[in-house]
Amino acid sequence: MGAADVLVPHLSLLFQSGELSMHRYRSHKCGELRATDIGSEVRLSGWCHRIRDHGGVLFIDLRDHYGLTQMVADPDSPAFKVAETLRSEWVVRVDGKVRSRPEGTENPELPTGAVEVYVSEIEVLGRAAELPLPVFGDADYPEDIRLRYRFLDLRREHLHNNIIKRGLIIDSLRRRMKEQGFFEFQTPILTASSPEGARDYLVPSRLHPGKFYALPQAPQQFKQLIMVSGFDRYFQIAPCFRDEDARADRSPGEFYQLDLEMSFVTQDDVFDAVEPVIRGVFEEFGDGKKVTPKFPRIPYGEAIGKYGTDKPDLRNPIEMQDVSDIFRGSGFKIFARILESNAKGAVWAIPAPKGGSRAFCDRMNSWAQGEGQPGLGYIFFALDNGATVGRGPVANNLGAERTEKLRAQLGLADGDAVFFVAGDPQAFYKFAGAARSKIGEELDLIDKDRFDLCWIVDFPMYEWNEEEKKIDFSHNPFSMPNLPADEFLALDSDDRDRILALKAIQYDIVCNGVELSSGAIRNHRPDVMKKAFAIAGYDESVLEQKFGGMLHALSLGAPPHGGIAPGIDRIVMLLCGEDNLREVVLFPMNQRAEDLMMGAPSEATAKQLRELHIRVVTSGPG
RNA sequence: GGGGGCGUAGCUCAGUUGGUUAGAGCGUCGGCCUGUCACGCCGAAGGUCGCGGGUUCGAGUCCCGUCGCUCCCGCCA
């Protein structure tokens, strides 16, 4: 005990005197009080979460960010009169004494449920008018109201927790990145328009009439320049802006990526760096759901063939197979004719384990018709006199022998079914993938308690643009072709088959059918870059004009480098178990890219427009 | 830009074949209530049936248009 202690009265005496020492708003947080605090005088501030007025005794659940504490007032309390006037969501400061709840009235659901605060004084800090959206409870409300009153929605437990979780996930990503030697950078928000990819958001320049900045679609060129600048390992929680239409898993306008780039690396090095980070956050925040221990690598072509998509949900065990050989020349004329008449024609089988009933098969068939397809052929297998036989029109026409061969190839048994799609795979693979998903859902084959992650690799470098009859980049033009440089440089630009078969060193991470990120080993050689653009029909002047800065940088000593950019919003969405990004974004825009709360976008004043050398033209009819 | 779904009280929803004064629950407001925690009981207010037009003796209901929200296609690392 020091001498000073003698001069200081006991704390509880100080509190009782109602002055000095007590903080203006609170001595404790609302989630803090426990049985060990019984007897102490406390001050809490928060929102009136729920009020239960029994006439003679009044309960107020006081809420702040940290939790709930039950306040009690009765007619003996000087604060009783004020307490009776309180309404939901008023913000108050409450003084009182912590006491234990009477025997049998404890609330085990609440961390503070053993105690309550007997109110001695109430100060109203902020009144609330009638609420357009209740904070108490978890009833569904229309999205436009939720968005307009986002701050109320954010007070609710569900969204509040999602946003906290988002912050924790980002903390964890940052920590994991730094632990691996990545260094965080900030790149410009006002930058130059990048001619490929999505539509840009443009910002008019005041100083340069008729010129515009663009918001970055991603810091792609900057991160490559950071590598050229010799920094070796870059990362950033990067805002990205794209003026494209929204989807449930695609925010309009803006979103965040864990953007990263590394020098002197191969694809394996990138995978080795990124996989533990992604797996780590899924394990840390996945509520115990199983996470893929080692992400399988699935070539793009294999993914299309087995799953009908380059973002497969691997929780769905169904794998499709090409069964063209079984149908070629068979009695099932529709398919036989397709195979005969079209060199690219194929028949794919989609097994449906335990889907072997006519009712289910007919239901799938109607579903397919609803999807604009002629139908969905099927065979279902049943026991007949101890033998497993195929049923349905396809089986009847195909014949027992071929049906049995099919059954054996697909490993099906009685009680199972198989569906068929036929035609040019390029045209039907998306539908086949949709059917695979539908079958998986309908038959409840998808284990919801898993995060199944994988790498999709070997994306095609180019694709055929049927409309313009030319070769296009299939993804971004900065990827390195997966071919030794001298072989690539020697390619004949007219050798379409060889060029369309080229792979890029490009990869995606996919989780439960959601594309989480995509990346590549970059093309760091100007000569290869020029050739790559030439193949896509861009001559050197275009390249110079659009990517001149980048090209120069690559010509002045650029290290081989590569990276990837996992989408933060989507990771958080999966980890929060949400199927809509708006549930994990603090202040999201609606599907039409409007901020209903802030009123964005909005008109500019005449003065602003004049300064920006902009005239607004409203388009007339047509 | 295109297609689907939805739109009835602040919210969730019911509303029969087109037929009298459009209902319920929750919320709000008022009253009662001393142990609740989805408190309870009684009562009240609250409606341009999204909007506009049409058909009809009569429209929440049928038709056309339009607006809003949402999901999808197109688009999109």
# chains A, B, ... in the order shown; residues from 1 in each chain; ligands from 1

$ select_by_dssp --residues "segment 504-537 of chain A" --states "helix (DSSP H, G or I)" --output "NGL selection string"
:A and (526-535)

$ write_last_selection --atoms "C-alpha atoms" --output "JSON list (two decimals), in the first residue's frame"
[["chain", "number", "residue", "atom", "x", "y", "z"],
["A", 526, "PRO", "CA", 7.93, -8.02, -73.99],
["A", 527, "ASP", "CA", 8.65, -10.24, -76.98],
["A", 528, "VAL", "CA", 6.26, -12.95, -75.76],
["A", 529, "MET", "CA", 3.72, -10.25, -74.91],
["A", 530, "LYS", "CA", 3.89, -8.82, -78.40],
["A", 531, "LYS", "CA", 3.46, -12.24, -79.91],
["A", 532, "ALA", "CA", 0.55, -13.04, -77.59],
["A", 533, "PHE", "CA", -1.24, -9.88, -78.66],
["A", 534, "ALA", "CA", -0.40, -10.42, -82.30],
["A", 535, "ILE", "CA", -2.12, -13.81, -82.16]]

$ interface_residues --of "chain B" --to "chain A" --cutoff "12 Å" --atoms "only C-alpha atoms (C1' of nucleotides)" --output "ChimeraX atom specification"
/B:1,3-4,6-7,10-12,26-29,31-41,68-77

$ closest_residue --among "A:Glu302, A:Asp447, A:Asp595, A:Glu283" --to "Leu575 of chain A" --atoms "only C-alpha atoms"
A:Glu283

$ residues_around --residues "G30 of chain B" --least-positions-apart "4" --cutoff "12 Å" --atoms "only C-alpha atoms (C1' of nucleotides)" --output "list in words"
C42, G43, A44 and A45 of chain B

$ select_by_dssp --residues "segment 399-473 of chain A" --states "strand (DSSP E)" --output "list in words"
Ala417, Val418, Phe419, Phe420, Val421, Ala422, Gly423, Arg450, Phe451, Leu453, Cys454, Trp455, Ile456, Val457, Tyr462, Glu463, Trp464, Asn465, Lys470, Ile471, Asp472 and Phe473 of chain A

$ write_last_selection --atoms "N, CA and C atoms" --output "short mmCIF file (atom, residue, chain, number, x, y, z; two decimals), in the first residue's frame"
data_model
loop_
_atom_site.label_atom_id
_atom_site.label_comp_id
_atom_site.auth_asym_id
_atom_site.auth_seq_id
_atom_site.Cartn_x
_atom_site.Cartn_y
_atom_site.Cartn_z
N ALA A 417 -30.20 -43.99 -61.10
CA ALA A 417 -30.62 -43.56 -62.44
C ALA A 417 -29.44 -42.90 -63.13
N VAL A 418 -29.60 -42.67 -64.42
CA VAL A 418 -28.59 -41.90 -65.15
C VAL A 418 -29.32 -41.05 -66.19
N PHE A 419 -28.86 -39.81 -66.32
CA PHE A 419 -29.46 -38.89 -67.30
C PHE A 419 -28.47 -38.63 -68.41
N PHE A 420 -29.00 -38.20 -69.57
CA PHE A 420 -28.13 -38.01 -70.72
C PHE A 420 -28.34 -36.65 -71.37
N VAL A 421 -27.22 -36.07 -71.79
CA VAL A 421 -27.32 -34.91 -72.67
C VAL A 421 -26.48 -35.22 -73.91
N ALA A 422 -26.94 -34.76 -75.05
CA ALA A 422 -26.25 -35.07 -76.29
C ALA A 422 -26.19 -33.85 -77.20
N GLY A 423 -25.14 -33.81 -78.01
CA GLY A 423 -24.96 -32.70 -78.93
C GLY A 423 -23.50 -32.28 -78.95
N ARG A 450 -19.24 -29.05 -45.20
CA ARG A 450 -17.88 -29.14 -45.72
C ARG A 450 -17.54 -27.91 -46.54
N PHE A 451 -16.28 -27.55 -46.54
CA PHE A 451 -15.77 -26.60 -47.52
C PHE A 451 -14.83 -27.38 -48.42
N LEU A 453 -12.48 -27.32 -51.36
CA LEU A 453 -11.70 -26.38 -52.16
C LEU A 453 -10.87 -27.11 -53.21
N CYS A 454 -10.63 -26.44 -54.31
CA CYS A 454 -9.75 -27.02 -55.32
C CYS A 454 -9.12 -25.92 -56.16
N TRP A 455 -8.07 -26.30 -56.84
CA TRP A 455 -7.49 -25.43 -57.86
C TRP A 455 -8.02 -25.87 -59.22
N ILE A 456 -8.40 -24.91 -60.03
CA ILE A 456 -8.66 -25.22 -61.42
C ILE A 456 -7.45 -24.67 -62.18
N VAL A 457 -6.82 -25.54 -62.99
CA VAL A 457 -5.58 -25.14 -63.67
C VAL A 457 -5.70 -25.36 -65.18
N TYR A 462 -6.43 -18.96 -75.32
CA TYR A 462 -7.25 -18.24 -76.30
C TYR A 462 -8.57 -18.96 -76.49
N GLU A 463 -9.50 -18.25 -77.07
CA GLU A 463 -10.75 -18.90 -77.47
C GLU A 463 -11.21 -18.33 -78.80
N TRP A 464 -12.07 -19.08 -79.45
CA TRP A 464 -12.54 -18.67 -80.76
C TRP A 464 -13.75 -17.76 -80.58
N ASN A 465 -13.68 -16.58 -81.14
CA ASN A 465 -14.81 -15.66 -81.10
C ASN A 465 -15.61 -15.87 -82.38
N LYS A 470 -12.65 -14.48 -84.97
CA LYS A 470 -11.23 -14.24 -84.67
C LYS A 470 -10.86 -14.90 -83.35
N ILE A 471 -9.57 -14.93 -83.11
CA ILE A 471 -9.07 -15.50 -81.87
C ILE A 471 -9.01 -14.40 -80.81
N ASP A 472 -9.53 -14.70 -79.61
CA ASP A 472 -9.50 -13.75 -78.49
C ASP A 472 -8.72 -14.35 -77.33
N PHE A 473 -8.25 -13.46 -76.45
CA PHE A 473 -7.77 -13.95 -75.15
C PHE A 473 -8.96 -14.53 -74.42
#

$ residues_around --residues "Arg155 of chain A" --least-positions-apart "6" --cutoff "10 Å" --atoms "only C-alpha atoms (C1' of nucleotides)" --output "list in words"
Trp47, Arg63, Asp64, His65, Glu89, Pro134, Val135, Phe136 and Asn161 of chain A

$ residues_around --residues "segment 548-561 of chain A" --least-positions-apart "6" --cutoff "8 Å" --atoms "only C-alpha atoms (C1' of nucleotides)" --output "PyMOL selection string"
chain A and resi 221+224-225+227-228+261-266+521-526

$ write_last_selection --atoms "C-alpha atoms" --output "CSV table (one decimal), in the first residue's frame"
chain,number,residue,atom,x,y,z
A,221,GLN,CA,-0.8,-3.5,-63.4
A,224,GLN,CA,3.1,-6.2,-61.4
A,225,LEU,CA,5.0,-2.9,-61.4
A,227,MET,CA,7.4,-6.6,-58.6
A,228,VAL,CA,9.3,-4.8,-61.4
A,261,GLU,CA,1.9,-11.0,-56.2
A,262,MET,CA,5.3,-12.7,-55.9
A,263,SER,CA,8.6,-12.6,-57.8
A,264,PHE,CA,10.8,-15.4,-59.0
A,265,VAL,CA,8.0,-18.0,-58.7
A,266,THR,CA,6.4,-20.9,-60.5
A,521,ILE,CA,2.0,-16.5,-63.7
A,522,ARG,CA,2.4,-13.2,-65.7
A,523,ASN,CA,3.9,-12.7,-69.0
A,524,HIS,CA,7.0,-10.7,-68.1
A,525,ARG,CA,8.7,-10.8,-71.5
A,526,PRO,CA,7.9,-8.0,-74.0

$ residues_around --residues "Arg93 of chain A" --least-positions-apart "4" --cutoff "8 Å" --atoms "only C-alpha atoms (C1' of nucleotides)" --output "PDB file with N, CA, C and O atoms, in the first residue's frame"
ATOM      1  N   TYR A  25     -20.088   8.113 -19.271  1.00  0.00           N
ATOM      2  CA  TYR A  25     -21.102   7.242 -19.885  1.00  0.00           C
ATOM      3  C   TYR A  25     -21.146   5.830 -19.322  1.00  0.00           C
ATOM      4  O   TYR A  25     -22.204   5.225 -19.284  1.00  0.00           O
ATOM      5  N   ARG A  26     -19.984   5.275 -18.969  1.00  0.00           N
ATOM      6  CA  ARG A  26     -20.105   3.904 -18.496  1.00  0.00           C
ATOM      7  C   ARG A  26     -18.917   3.460 -17.666  1.00  0.00           C
ATOM      8  O   ARG A  26     -17.777   3.860 -17.924  1.00  0.00           O
ATOM      9  N   ARG A  43     -22.373   1.984 -13.985  1.00  0.00           N
ATOM     10  CA  ARG A  43     -23.010   2.880 -14.958  1.00  0.00           C
ATOM     11  C   ARG A  43     -22.895   2.228 -16.330  1.00  0.00           C
ATOM     12  O   ARG A  43     -21.797   1.853 -16.751  1.00  0.00           O
ATOM     13  N   LEU A  44     -24.029   2.060 -17.004  1.00  0.00           N
ATOM     14  CA  LEU A  44     -24.035   1.456 -18.338  1.00  0.00           C
ATOM     15  C   LEU A  44     -24.703   2.421 -19.323  1.00  0.00           C
ATOM     16  O   LEU A  44     -25.590   3.182 -18.929  1.00  0.00           O
ATOM     17  N   SER A  45     -24.265   2.362 -20.546  1.00  0.00           N
ATOM     18  CA  SER A  45     -24.951   3.101 -21.598  1.00  0.00           C
ATOM     19  C   SER A  45     -25.240   2.158 -22.748  1.00  0.00           C
ATOM     20  O   SER A  45     -24.441   1.251 -23.026  1.00  0.00           O
ATOM     21  N   GLY A  46     -26.366   2.383 -23.401  1.00  0.00           N
ATOM     22  CA  GLY A  46     -26.689   1.515 -24.524  1.00  0.00           C
ATOM     23  C   GLY A  46     -28.076   1.793 -25.050  1.00  0.00           C
ATOM     24  O   GLY A  46     -28.669   2.834 -24.765  1.00  0.00           O
ATOM     25  N   ILE A 122     -31.605   7.391 -14.617  1.00  0.00           N
ATOM     26  CA  ILE A 122     -31.608   7.199 -16.067  1.00  0.00           C
ATOM     27  C   ILE A 122     -31.450   8.546 -16.749  1.00  0.00           C
ATOM     28  O   ILE A 122     -32.143   9.508 -16.379  1.00  0.00           O
ATOM     29  N   GLU A 123     -30.555   8.601 -17.699  1.00  0.00           N
ATOM     30  CA  GLU A 123     -30.428   9.808 -18.517  1.00  0.00           C
ATOM     31  C   GLU A 123     -30.665   9.415 -19.970  1.00  0.00           C
ATOM     32  O   GLU A 123     -30.018   8.500 -20.485  1.00  0.00           O
ATOM     33  N   VAL A 124     -31.606  10.082 -20.607  1.00  0.00           N
ATOM     34  CA  VAL A 124     -31.873   9.784 -22.009  1.00  0.00           C
ATOM     35  C   VAL A 124     -30.839  10.508 -22.866  1.00  0.00           C
ATOM     36  O   VAL A 124     -30.724  11.729 -22.824  1.00  0.00           O
ATOM     37  N   LEU A 125     -30.067   9.744 -23.623  1.00  0.00           N
ATOM     38  CA  LEU A 125     -29.000  10.340 -24.452  1.00  0.00           C
ATOM     39  C   LEU A 125     -29.452  10.524 -25.893  1.00  0.00           C
ATOM     40  O   LEU A 125     -28.927  11.374 -26.610  1.00  0.00           O
TER      41      LEU A 125
END

$ residues_around --residues "Pro601 of chain A" --least-positions-apart "4" --cutoff "12 Å" --atoms "only C-alpha atoms (C1' of nucleotides)" --output "list of chain:residue names"
A:Gly253, A:Met589, A:Asn590, A:Arg592, A:Ala593, A:Glu594, A:Asp595, A:Leu596, A:Met597
